[in-house]
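One file, input_24.txt, is given below (compact mmCIF, N, CA and C atoms).
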# COMPACT_ATOMS: atom_id res chain seq x y z
N MET A 1 -11.15 8.76 22.66
CA MET A 1 -11.09 7.79 21.57
C MET A 1 -12.04 8.25 20.47
N HIS A 2 -11.48 8.82 19.41
CA HIS A 2 -12.33 9.31 18.32
C HIS A 2 -12.87 8.18 17.46
N GLU A 3 -12.37 6.97 17.64
CA GLU A 3 -12.88 5.84 16.88
C GLU A 3 -14.36 5.58 17.17
N MET A 4 -14.82 5.93 18.38
CA MET A 4 -16.23 5.73 18.72
C MET A 4 -17.12 6.61 17.84
N SER A 5 -16.75 7.87 17.67
CA SER A 5 -17.57 8.75 16.82
C SER A 5 -17.46 8.34 15.35
N ILE A 6 -16.32 7.84 14.94
CA ILE A 6 -16.16 7.36 13.57
C ILE A 6 -17.04 6.13 13.35
N ALA A 7 -17.01 5.21 14.31
CA ALA A 7 -17.85 4.01 14.21
C ALA A 7 -19.33 4.38 14.16
N GLN A 8 -19.74 5.36 14.97
CA GLN A 8 -21.13 5.79 14.96
C GLN A 8 -21.50 6.38 13.60
N SER A 9 -20.63 7.16 13.01
CA SER A 9 -20.87 7.72 11.68
C SER A 9 -20.98 6.62 10.63
N LEU A 10 -20.11 5.61 10.73
CA LEU A 10 -20.18 4.48 9.80
C LEU A 10 -21.52 3.76 9.92
N VAL A 11 -21.94 3.51 11.15
CA VAL A 11 -23.22 2.83 11.39
C VAL A 11 -24.37 3.65 10.82
N ASP A 12 -24.33 4.96 11.00
CA ASP A 12 -25.39 5.82 10.47
C ASP A 12 -25.45 5.74 8.94
N ILE A 13 -24.29 5.79 8.30
CA ILE A 13 -24.24 5.70 6.83
C ILE A 13 -24.74 4.34 6.35
N ILE A 14 -24.28 3.29 7.01
CA ILE A 14 -24.68 1.93 6.63
C ILE A 14 -26.18 1.74 6.81
N ARG A 15 -26.71 2.25 7.93
CA ARG A 15 -28.15 2.12 8.19
C ARG A 15 -28.96 2.82 7.09
N GLU A 16 -28.53 4.01 6.67
CA GLU A 16 -29.21 4.72 5.59
C GLU A 16 -29.22 3.90 4.31
N GLU A 17 -28.08 3.29 3.99
CA GLU A 17 -27.99 2.47 2.78
C GLU A 17 -28.85 1.22 2.88
N MET A 18 -28.91 0.62 4.07
CA MET A 18 -29.74 -0.57 4.25
C MET A 18 -31.21 -0.22 4.06
N VAL A 19 -31.64 0.91 4.61
CA VAL A 19 -33.03 1.35 4.43
C VAL A 19 -33.30 1.62 2.96
N ARG A 20 -32.38 2.31 2.31
CA ARG A 20 -32.56 2.66 0.90
C ARG A 20 -32.71 1.43 0.02
N HIS A 21 -32.03 0.35 0.36
CA HIS A 21 -32.04 -0.86 -0.46
C HIS A 21 -32.89 -1.98 0.15
N ASN A 22 -33.66 -1.64 1.18
CA ASN A 22 -34.56 -2.60 1.82
C ASN A 22 -33.83 -3.85 2.30
N ALA A 23 -32.64 -3.64 2.87
CA ALA A 23 -31.84 -4.75 3.41
C ALA A 23 -32.12 -4.86 4.91
N HIS A 24 -32.07 -6.08 5.43
CA HIS A 24 -32.44 -6.29 6.83
C HIS A 24 -31.30 -6.76 7.71
N THR A 25 -30.33 -7.47 7.16
CA THR A 25 -29.25 -8.02 7.97
C THR A 25 -27.91 -7.64 7.36
N LEU A 26 -27.06 -7.04 8.17
CA LEU A 26 -25.72 -6.67 7.74
C LEU A 26 -24.78 -7.84 7.99
N ARG A 27 -24.02 -8.21 6.98
CA ARG A 27 -23.07 -9.32 7.11
C ARG A 27 -21.62 -8.83 7.22
N VAL A 28 -21.19 -8.01 6.25
CA VAL A 28 -19.79 -7.58 6.17
C VAL A 28 -19.72 -6.12 5.72
N VAL A 29 -18.80 -5.39 6.33
CA VAL A 29 -18.47 -4.04 5.88
C VAL A 29 -16.98 -4.03 5.59
N ARG A 30 -16.62 -3.62 4.38
CA ARG A 30 -15.21 -3.55 4.00
C ARG A 30 -14.80 -2.08 3.94
N LEU A 31 -13.76 -1.74 4.69
CA LEU A 31 -13.27 -0.36 4.76
C LEU A 31 -11.83 -0.25 4.26
N HIS A 32 -11.50 0.93 3.75
CA HIS A 32 -10.11 1.31 3.51
C HIS A 32 -9.78 2.39 4.53
N VAL A 33 -8.70 2.17 5.27
CA VAL A 33 -8.25 3.13 6.28
C VAL A 33 -6.78 3.44 5.99
N GLY A 34 -6.49 4.70 5.75
CA GLY A 34 -5.13 5.11 5.45
C GLY A 34 -4.23 5.08 6.67
N GLU A 35 -2.96 4.78 6.45
CA GLU A 35 -1.98 4.74 7.54
C GLU A 35 -1.89 6.08 8.28
N MET A 36 -2.11 7.17 7.58
CA MET A 36 -1.99 8.50 8.18
C MET A 36 -3.35 9.05 8.65
N SER A 37 -4.35 8.23 8.72
CA SER A 37 -5.69 8.70 9.10
C SER A 37 -5.85 8.87 10.60
N ALA A 38 -4.89 8.44 11.38
CA ALA A 38 -4.94 8.51 12.84
C ALA A 38 -6.06 7.63 13.41
N ILE A 39 -6.42 6.57 12.69
CA ILE A 39 -7.44 5.63 13.15
C ILE A 39 -6.74 4.32 13.50
N VAL A 40 -7.03 3.80 14.68
CA VAL A 40 -6.47 2.52 15.11
C VAL A 40 -7.49 1.45 14.73
N PRO A 41 -7.16 0.59 13.76
CA PRO A 41 -8.13 -0.40 13.28
C PRO A 41 -8.75 -1.26 14.38
N ASP A 42 -7.97 -1.74 15.34
CA ASP A 42 -8.52 -2.57 16.42
C ASP A 42 -9.52 -1.79 17.26
N SER A 43 -9.23 -0.54 17.52
CA SER A 43 -10.15 0.30 18.30
C SER A 43 -11.44 0.55 17.53
N LEU A 44 -11.30 0.79 16.22
CA LEU A 44 -12.48 1.00 15.40
C LEU A 44 -13.35 -0.25 15.38
N SER A 45 -12.74 -1.42 15.25
CA SER A 45 -13.50 -2.68 15.26
C SER A 45 -14.22 -2.88 16.58
N PHE A 46 -13.54 -2.60 17.68
CA PHE A 46 -14.16 -2.73 19.00
C PHE A 46 -15.35 -1.79 19.12
N CYS A 47 -15.19 -0.55 18.74
CA CYS A 47 -16.26 0.44 18.84
C CYS A 47 -17.44 0.05 17.95
N PHE A 48 -17.16 -0.47 16.76
CA PHE A 48 -18.21 -0.93 15.86
C PHE A 48 -19.02 -2.04 16.52
N GLU A 49 -18.35 -2.99 17.17
CA GLU A 49 -19.04 -4.08 17.86
C GLU A 49 -19.92 -3.57 18.99
N VAL A 50 -19.42 -2.60 19.75
CA VAL A 50 -20.18 -2.04 20.87
C VAL A 50 -21.44 -1.34 20.35
N ILE A 51 -21.29 -0.53 19.31
CA ILE A 51 -22.42 0.24 18.79
C ILE A 51 -23.48 -0.65 18.14
N THR A 52 -23.05 -1.73 17.48
CA THR A 52 -24.00 -2.58 16.77
C THR A 52 -24.63 -3.66 17.66
N ALA A 53 -24.13 -3.83 18.88
CA ALA A 53 -24.69 -4.84 19.78
C ALA A 53 -26.18 -4.58 20.01
N GLY A 54 -26.98 -5.64 19.84
CA GLY A 54 -28.41 -5.54 20.06
C GLY A 54 -29.18 -4.91 18.91
N THR A 55 -28.53 -4.70 17.78
CA THR A 55 -29.20 -4.12 16.61
C THR A 55 -29.21 -5.15 15.47
N GLU A 56 -29.84 -4.76 14.36
CA GLU A 56 -29.86 -5.63 13.18
C GLU A 56 -28.47 -5.80 12.57
N MET A 57 -27.51 -5.02 13.05
CA MET A 57 -26.14 -5.10 12.54
C MET A 57 -25.23 -5.97 13.42
N GLU A 58 -25.74 -6.42 14.54
CA GLU A 58 -24.93 -7.20 15.48
C GLU A 58 -24.35 -8.43 14.77
N GLY A 59 -23.08 -8.68 15.01
CA GLY A 59 -22.40 -9.85 14.43
C GLY A 59 -21.80 -9.59 13.07
N ALA A 60 -22.02 -8.41 12.51
CA ALA A 60 -21.43 -8.10 11.20
C ALA A 60 -19.91 -8.00 11.34
N ARG A 61 -19.22 -8.45 10.32
CA ARG A 61 -17.76 -8.37 10.30
C ARG A 61 -17.33 -7.03 9.72
N LEU A 62 -16.33 -6.45 10.32
CA LEU A 62 -15.73 -5.22 9.82
C LEU A 62 -14.35 -5.60 9.31
N ASN A 63 -14.20 -5.63 7.98
CA ASN A 63 -12.91 -5.95 7.36
C ASN A 63 -12.21 -4.65 7.00
N ILE A 64 -11.07 -4.42 7.62
CA ILE A 64 -10.34 -3.17 7.42
C ILE A 64 -9.05 -3.44 6.67
N GLU A 65 -8.89 -2.77 5.53
CA GLU A 65 -7.65 -2.82 4.78
C GLU A 65 -6.91 -1.51 5.01
N VAL A 66 -5.71 -1.60 5.55
CA VAL A 66 -4.90 -0.41 5.80
C VAL A 66 -4.18 -0.04 4.50
N ILE A 67 -4.37 1.19 4.07
CA ILE A 67 -3.80 1.68 2.82
C ILE A 67 -2.49 2.41 3.14
N PRO A 68 -1.38 1.98 2.51
CA PRO A 68 -0.09 2.61 2.79
C PRO A 68 -0.02 4.05 2.26
N VAL A 69 0.91 4.79 2.82
CA VAL A 69 1.12 6.17 2.40
C VAL A 69 1.98 6.17 1.14
N GLU A 70 1.48 6.82 0.08
CA GLU A 70 2.23 6.99 -1.15
C GLU A 70 2.25 8.46 -1.51
N GLY A 71 3.32 8.84 -2.18
CA GLY A 71 3.45 10.23 -2.60
C GLY A 71 3.98 10.34 -4.01
N ILE A 72 3.87 11.55 -4.55
CA ILE A 72 4.43 11.88 -5.86
C ILE A 72 5.35 13.07 -5.65
N CYS A 73 6.56 12.94 -6.16
CA CYS A 73 7.54 14.03 -6.08
C CYS A 73 7.12 15.12 -7.07
N ARG A 74 7.01 16.34 -6.56
CA ARG A 74 6.63 17.45 -7.43
C ARG A 74 7.77 17.85 -8.37
N ALA A 75 8.99 17.49 -8.03
CA ALA A 75 10.14 17.85 -8.86
C ALA A 75 10.31 16.93 -10.07
N CYS A 76 10.22 15.61 -9.82
CA CYS A 76 10.52 14.67 -10.92
C CYS A 76 9.33 13.80 -11.32
N GLY A 77 8.25 13.80 -10.55
CA GLY A 77 7.07 13.02 -10.89
C GLY A 77 7.10 11.58 -10.42
N GLU A 78 8.13 11.18 -9.71
CA GLU A 78 8.24 9.80 -9.20
C GLU A 78 7.15 9.53 -8.17
N ARG A 79 6.46 8.39 -8.32
CA ARG A 79 5.47 7.94 -7.33
C ARG A 79 6.14 6.86 -6.50
N PHE A 80 6.00 6.96 -5.17
CA PHE A 80 6.71 6.03 -4.30
C PHE A 80 5.99 5.86 -2.97
N LYS A 81 6.29 4.74 -2.30
CA LYS A 81 5.73 4.47 -0.98
C LYS A 81 6.54 5.26 0.05
N ILE A 82 5.82 5.95 0.92
CA ILE A 82 6.48 6.73 1.97
C ILE A 82 6.54 5.85 3.21
N GLU A 83 7.76 5.60 3.68
CA GLU A 83 7.95 4.76 4.86
C GLU A 83 8.54 5.59 5.98
N ASN A 84 8.10 5.32 7.19
CA ASN A 84 8.58 6.02 8.39
C ASN A 84 8.40 7.53 8.28
N TYR A 85 7.38 7.94 7.53
CA TYR A 85 7.05 9.35 7.36
C TYR A 85 8.23 10.17 6.83
N MET A 86 9.04 9.54 5.97
CA MET A 86 10.17 10.21 5.31
C MET A 86 9.68 10.71 3.95
N PHE A 87 9.34 11.97 3.89
CA PHE A 87 8.82 12.57 2.66
C PHE A 87 9.99 13.05 1.81
N LEU A 88 10.75 12.08 1.32
CA LEU A 88 11.94 12.33 0.54
C LEU A 88 11.92 11.44 -0.69
N CYS A 89 11.99 12.04 -1.88
CA CYS A 89 11.92 11.27 -3.12
C CYS A 89 13.15 10.37 -3.26
N PRO A 90 12.92 9.07 -3.47
CA PRO A 90 14.05 8.15 -3.63
C PRO A 90 14.76 8.32 -4.98
N ALA A 91 14.10 8.96 -5.93
CA ALA A 91 14.69 9.12 -7.27
C ALA A 91 15.61 10.34 -7.35
N CYS A 92 15.12 11.49 -6.85
CA CYS A 92 15.90 12.73 -7.02
C CYS A 92 16.29 13.40 -5.72
N GLY A 93 15.79 12.88 -4.59
CA GLY A 93 16.11 13.49 -3.30
C GLY A 93 15.26 14.70 -2.96
N GLY A 94 14.27 14.99 -3.81
CA GLY A 94 13.40 16.15 -3.59
C GLY A 94 12.56 16.01 -2.34
N THR A 95 12.23 17.14 -1.73
CA THR A 95 11.43 17.14 -0.51
C THR A 95 10.03 17.70 -0.72
N SER A 96 9.71 18.10 -1.92
CA SER A 96 8.37 18.59 -2.22
C SER A 96 7.54 17.41 -2.71
N VAL A 97 6.83 16.78 -1.77
CA VAL A 97 6.11 15.54 -2.04
C VAL A 97 4.63 15.74 -1.77
N GLU A 98 3.81 15.35 -2.71
CA GLU A 98 2.35 15.38 -2.54
C GLU A 98 1.88 14.00 -2.12
N THR A 99 1.15 13.93 -1.02
CA THR A 99 0.60 12.66 -0.54
C THR A 99 -0.62 12.30 -1.39
N VAL A 100 -0.63 11.09 -1.96
CA VAL A 100 -1.75 10.67 -2.82
C VAL A 100 -2.57 9.54 -2.23
N THR A 101 -2.04 8.78 -1.31
CA THR A 101 -2.81 7.76 -0.59
C THR A 101 -2.33 7.72 0.85
N GLY A 102 -3.16 7.13 1.69
CA GLY A 102 -2.76 6.93 3.08
C GLY A 102 -3.52 7.78 4.07
N GLN A 103 -4.42 8.65 3.58
CA GLN A 103 -5.20 9.49 4.49
C GLN A 103 -6.69 9.17 4.43
N GLU A 104 -7.06 8.19 3.64
CA GLU A 104 -8.47 7.92 3.40
C GLU A 104 -9.15 7.13 4.51
N LEU A 105 -10.45 7.30 4.54
CA LEU A 105 -11.35 6.44 5.30
C LEU A 105 -12.57 6.29 4.42
N SER A 106 -12.78 5.10 3.89
CA SER A 106 -13.91 4.92 2.97
C SER A 106 -14.54 3.55 3.13
N ILE A 107 -15.86 3.54 2.96
CA ILE A 107 -16.60 2.29 2.93
C ILE A 107 -16.50 1.79 1.50
N VAL A 108 -15.92 0.63 1.33
CA VAL A 108 -15.69 0.08 -0.01
C VAL A 108 -16.84 -0.84 -0.42
N GLU A 109 -17.37 -1.60 0.54
CA GLU A 109 -18.39 -2.58 0.23
C GLU A 109 -19.22 -2.90 1.46
N ILE A 110 -20.49 -3.10 1.25
CA ILE A 110 -21.40 -3.53 2.31
C ILE A 110 -22.12 -4.77 1.82
N GLU A 111 -22.01 -5.86 2.58
CA GLU A 111 -22.70 -7.11 2.23
C GLU A 111 -23.87 -7.30 3.17
N VAL A 112 -25.06 -7.46 2.59
CA VAL A 112 -26.29 -7.56 3.39
C VAL A 112 -27.15 -8.73 2.92
N ASP A 113 -28.14 -9.10 3.74
CA ASP A 113 -29.21 -10.02 3.35
C ASP A 113 -30.48 -9.19 3.30
N GLU A 114 -31.31 -9.51 2.34
CA GLU A 114 -32.57 -8.75 2.21
C GLU A 114 -33.68 -9.36 3.02
What do you get writing this file as structure tokens?
Amino acid sequence: MHEMSIAQSLVDIIREEMVRHNAHTLRVVRLHVGEMSAIVPDSLSFCFEVITAGTEMEGARLNIEVIPVEGICRACGERFKIENYMFLCPACGGTSVETVTGQELSIVEIEVDE
């Protein structure tokens, strides 16, 4: 389960930011997780809870927004949502598609008490 190492990395990053800003209690972490990131949101939430248990981060909410896969057709420039991993342009039928969203993992917001 690679979600455990991802959760540990998130906690490390959050802890650094809390120290940098002299924050003491973590309330909420908002993440963007792409559909193609191979991350299972429920597993990530579980791992986050396990890692933060007994720490100053215990009880913090992990809000995960799943970002859909979108692409741009290199032939015609059409931007579209990719469903069922069908990398086929709905406008021209082209198969040369650049993925522009859906692979990310990013911390969008951290809510803390000082």
Computed interatomic separation between atom CA of A:Thr95 and atom C of A:Glu78 (Å):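 Between these atoms lies a distance of 11.6 Å.
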Taking only C-alpha atoms into account, name the residue in A:Cys92, A:Glu114, A:Ser106, A:Ala75 that is nearest to A:Ile6.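 Nearest candidate to A:Ile6 out of A:Cys92, A:Glu114, A:Ser106, A:Ala75: A:Ser106.
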Write out as an MDAnalysis selection string the set of residues from chain A that DSSP, computed on the backbone, places in strand (DSSP E or B). chainID A and resid 25:34 61:67 70:73 79:81 97:101 105:113
Can you pull out the residues contacting A:Asn22? Cut-off 6.5 Å, using all atoms listed in the file, and skip same-chain residues under 3 positions away; I want them as a list of chain:residue names. A:Glu17, A:Met18, A:Val19, A:Asp113, A:Glu114
Which of these, A:Arg15, A:Ser96, A:His21, A:Ala7, has the shortest distance to A:Ser45 once you count all atoms listed in the file?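 Of A:Arg15, A:Ser96, A:His21, A:Ala7, the one nearest A:Ser45, counting all atoms listed in the file, is A:Ala7.
For the choices A:Asn63, A:Ile110, A:Asp42, A:Cys73, the atom-to-atom distance to A:Ile14 is smallest for A:Ile110 when using only N, CA and C atoms.
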Assign secondary structure with DSSP using the backbone only, and return the residues of stretch 7-110 of chain A in alpha helix (DSSP H) as JSON, numbers by chain. {"A": [7, 8, 9, 10, 11, 12, 13, 14, 15, 16, 17, 18, 19, 20, 41, 42, 43, 44, 45, 46, 47, 48, 49, 50, 51, 52]}
Minimum-distance residue to A:Glu109, chosen among A:Met4, A:Leu88, A:His32, A:Glu83 (using only N, CA and C atoms):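 Comparing A:Met4, A:Leu88, A:His32, A:Glu83 against A:Glu109, the winner is A:His32.
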Taking all atoms of stretch 6-13 of chain A that the file lists and extending 3 Å past them on each side, where is the centre of the axis-aligned box and how long are its edges? Answer in Å to one decimal, as lines of an AutoDock Vina configuration file.
center_x = -20.8
center_y = 5.3
center_z = 10.7
size_x = 15.3
size_y = 11.0
size_z = 14.6
Tell me, in Å to one decimal, how far atom CA of A:Met57 is from atom CA of A:Ser5.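 Value for the atom CA of A:Met57-atom CA of A:Ser5 distance: 16.8 Å.
In terms of minimum interatomic distance to A:Thr55, A:Leu26 ranks closest within A:Val100, A:Leu26, A:Ile13, A:Leu105, counting only C-alpha atoms.
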Counting only C-alpha atoms, write as a PyMOL selection string all protein and nucleic acid residues lying at most 8 Å from (-21.9, -9.3, 3.7) in the file's frame. chain A and resi 26-29+60-61+110-113
With distances taken over only C-alpha atoms, which of A:Val11, A:Ile107, A:Cys76, A:Val33 is nearest to A:Gly93? A:Cys76
Could you jot down the atom CA of A:Pro68 to atom CA of A:Thr101 separation for me, Å, one decimal place? 6.7 Å
A:Gly34 environment, 7 Å, only N, CA and C atoms, sequence neighbours closer than 3 positions dropped, as a PyMOL selection string: chain A and resi 37-39+65-69+101-106
Pull N, CA and C atoms from the residues just selected and write them as a short mmCIF file (atom, residue, chain, number, x, y, z; two decimals), keeping the file's coordinate frame.
data_model
loop_
_atom_site.label_atom_id
_atom_site.label_comp_id
_atom_site.auth_asym_id
_atom_site.auth_seq_id
_atom_site.Cartn_x
_atom_site.Cartn_y
_atom_site.Cartn_z
N SER A 37 -4.35 8.23 8.72
CA SER A 37 -5.69 8.70 9.10
C SER A 37 -5.85 8.87 10.60
N ALA A 38 -4.89 8.44 11.38
CA ALA A 38 -4.94 8.51 12.84
C ALA A 38 -6.06 7.63 13.41
N ILE A 39 -6.42 6.57 12.69
CA ILE A 39 -7.44 5.63 13.15
C ILE A 39 -6.74 4.32 13.50
N GLU A 65 -8.89 -2.77 5.53
CA GLU A 65 -7.65 -2.82 4.78
C GLU A 65 -6.91 -1.51 5.01
N VAL A 66 -5.71 -1.60 5.55
CA VAL A 66 -4.90 -0.41 5.80
C VAL A 66 -4.18 -0.04 4.50
N ILE A 67 -4.37 1.19 4.07
CA ILE A 67 -3.80 1.68 2.82
C ILE A 67 -2.49 2.41 3.14
N PRO A 68 -1.38 1.98 2.51
CA PRO A 68 -0.09 2.61 2.79
C PRO A 68 -0.02 4.05 2.26
N VAL A 69 0.91 4.79 2.82
CA VAL A 69 1.12 6.17 2.40
C VAL A 69 1.98 6.17 1.14
N THR A 101 -2.04 8.78 -1.31
CA THR A 101 -2.81 7.76 -0.59
C THR A 101 -2.33 7.72 0.85
N GLY A 102 -3.16 7.13 1.69
CA GLY A 102 -2.76 6.93 3.08
C GLY A 102 -3.52 7.78 4.07
N GLN A 103 -4.42 8.65 3.58
CA GLN A 103 -5.20 9.49 4.49
C GLN A 103 -6.69 9.17 4.43
N GLU A 104 -7.06 8.19 3.64
CA GLU A 104 -8.47 7.92 3.40
C GLU A 104 -9.15 7.13 4.51
N LEU A 105 -10.45 7.30 4.54
CA LEU A 105 -11.35 6.44 5.30
C LEU A 105 -12.57 6.29 4.42
N SER A 106 -12.78 5.10 3.89
CA SER A 106 -13.91 4.92 2.97
C SER A 106 -14.54 3.55 3.13
#
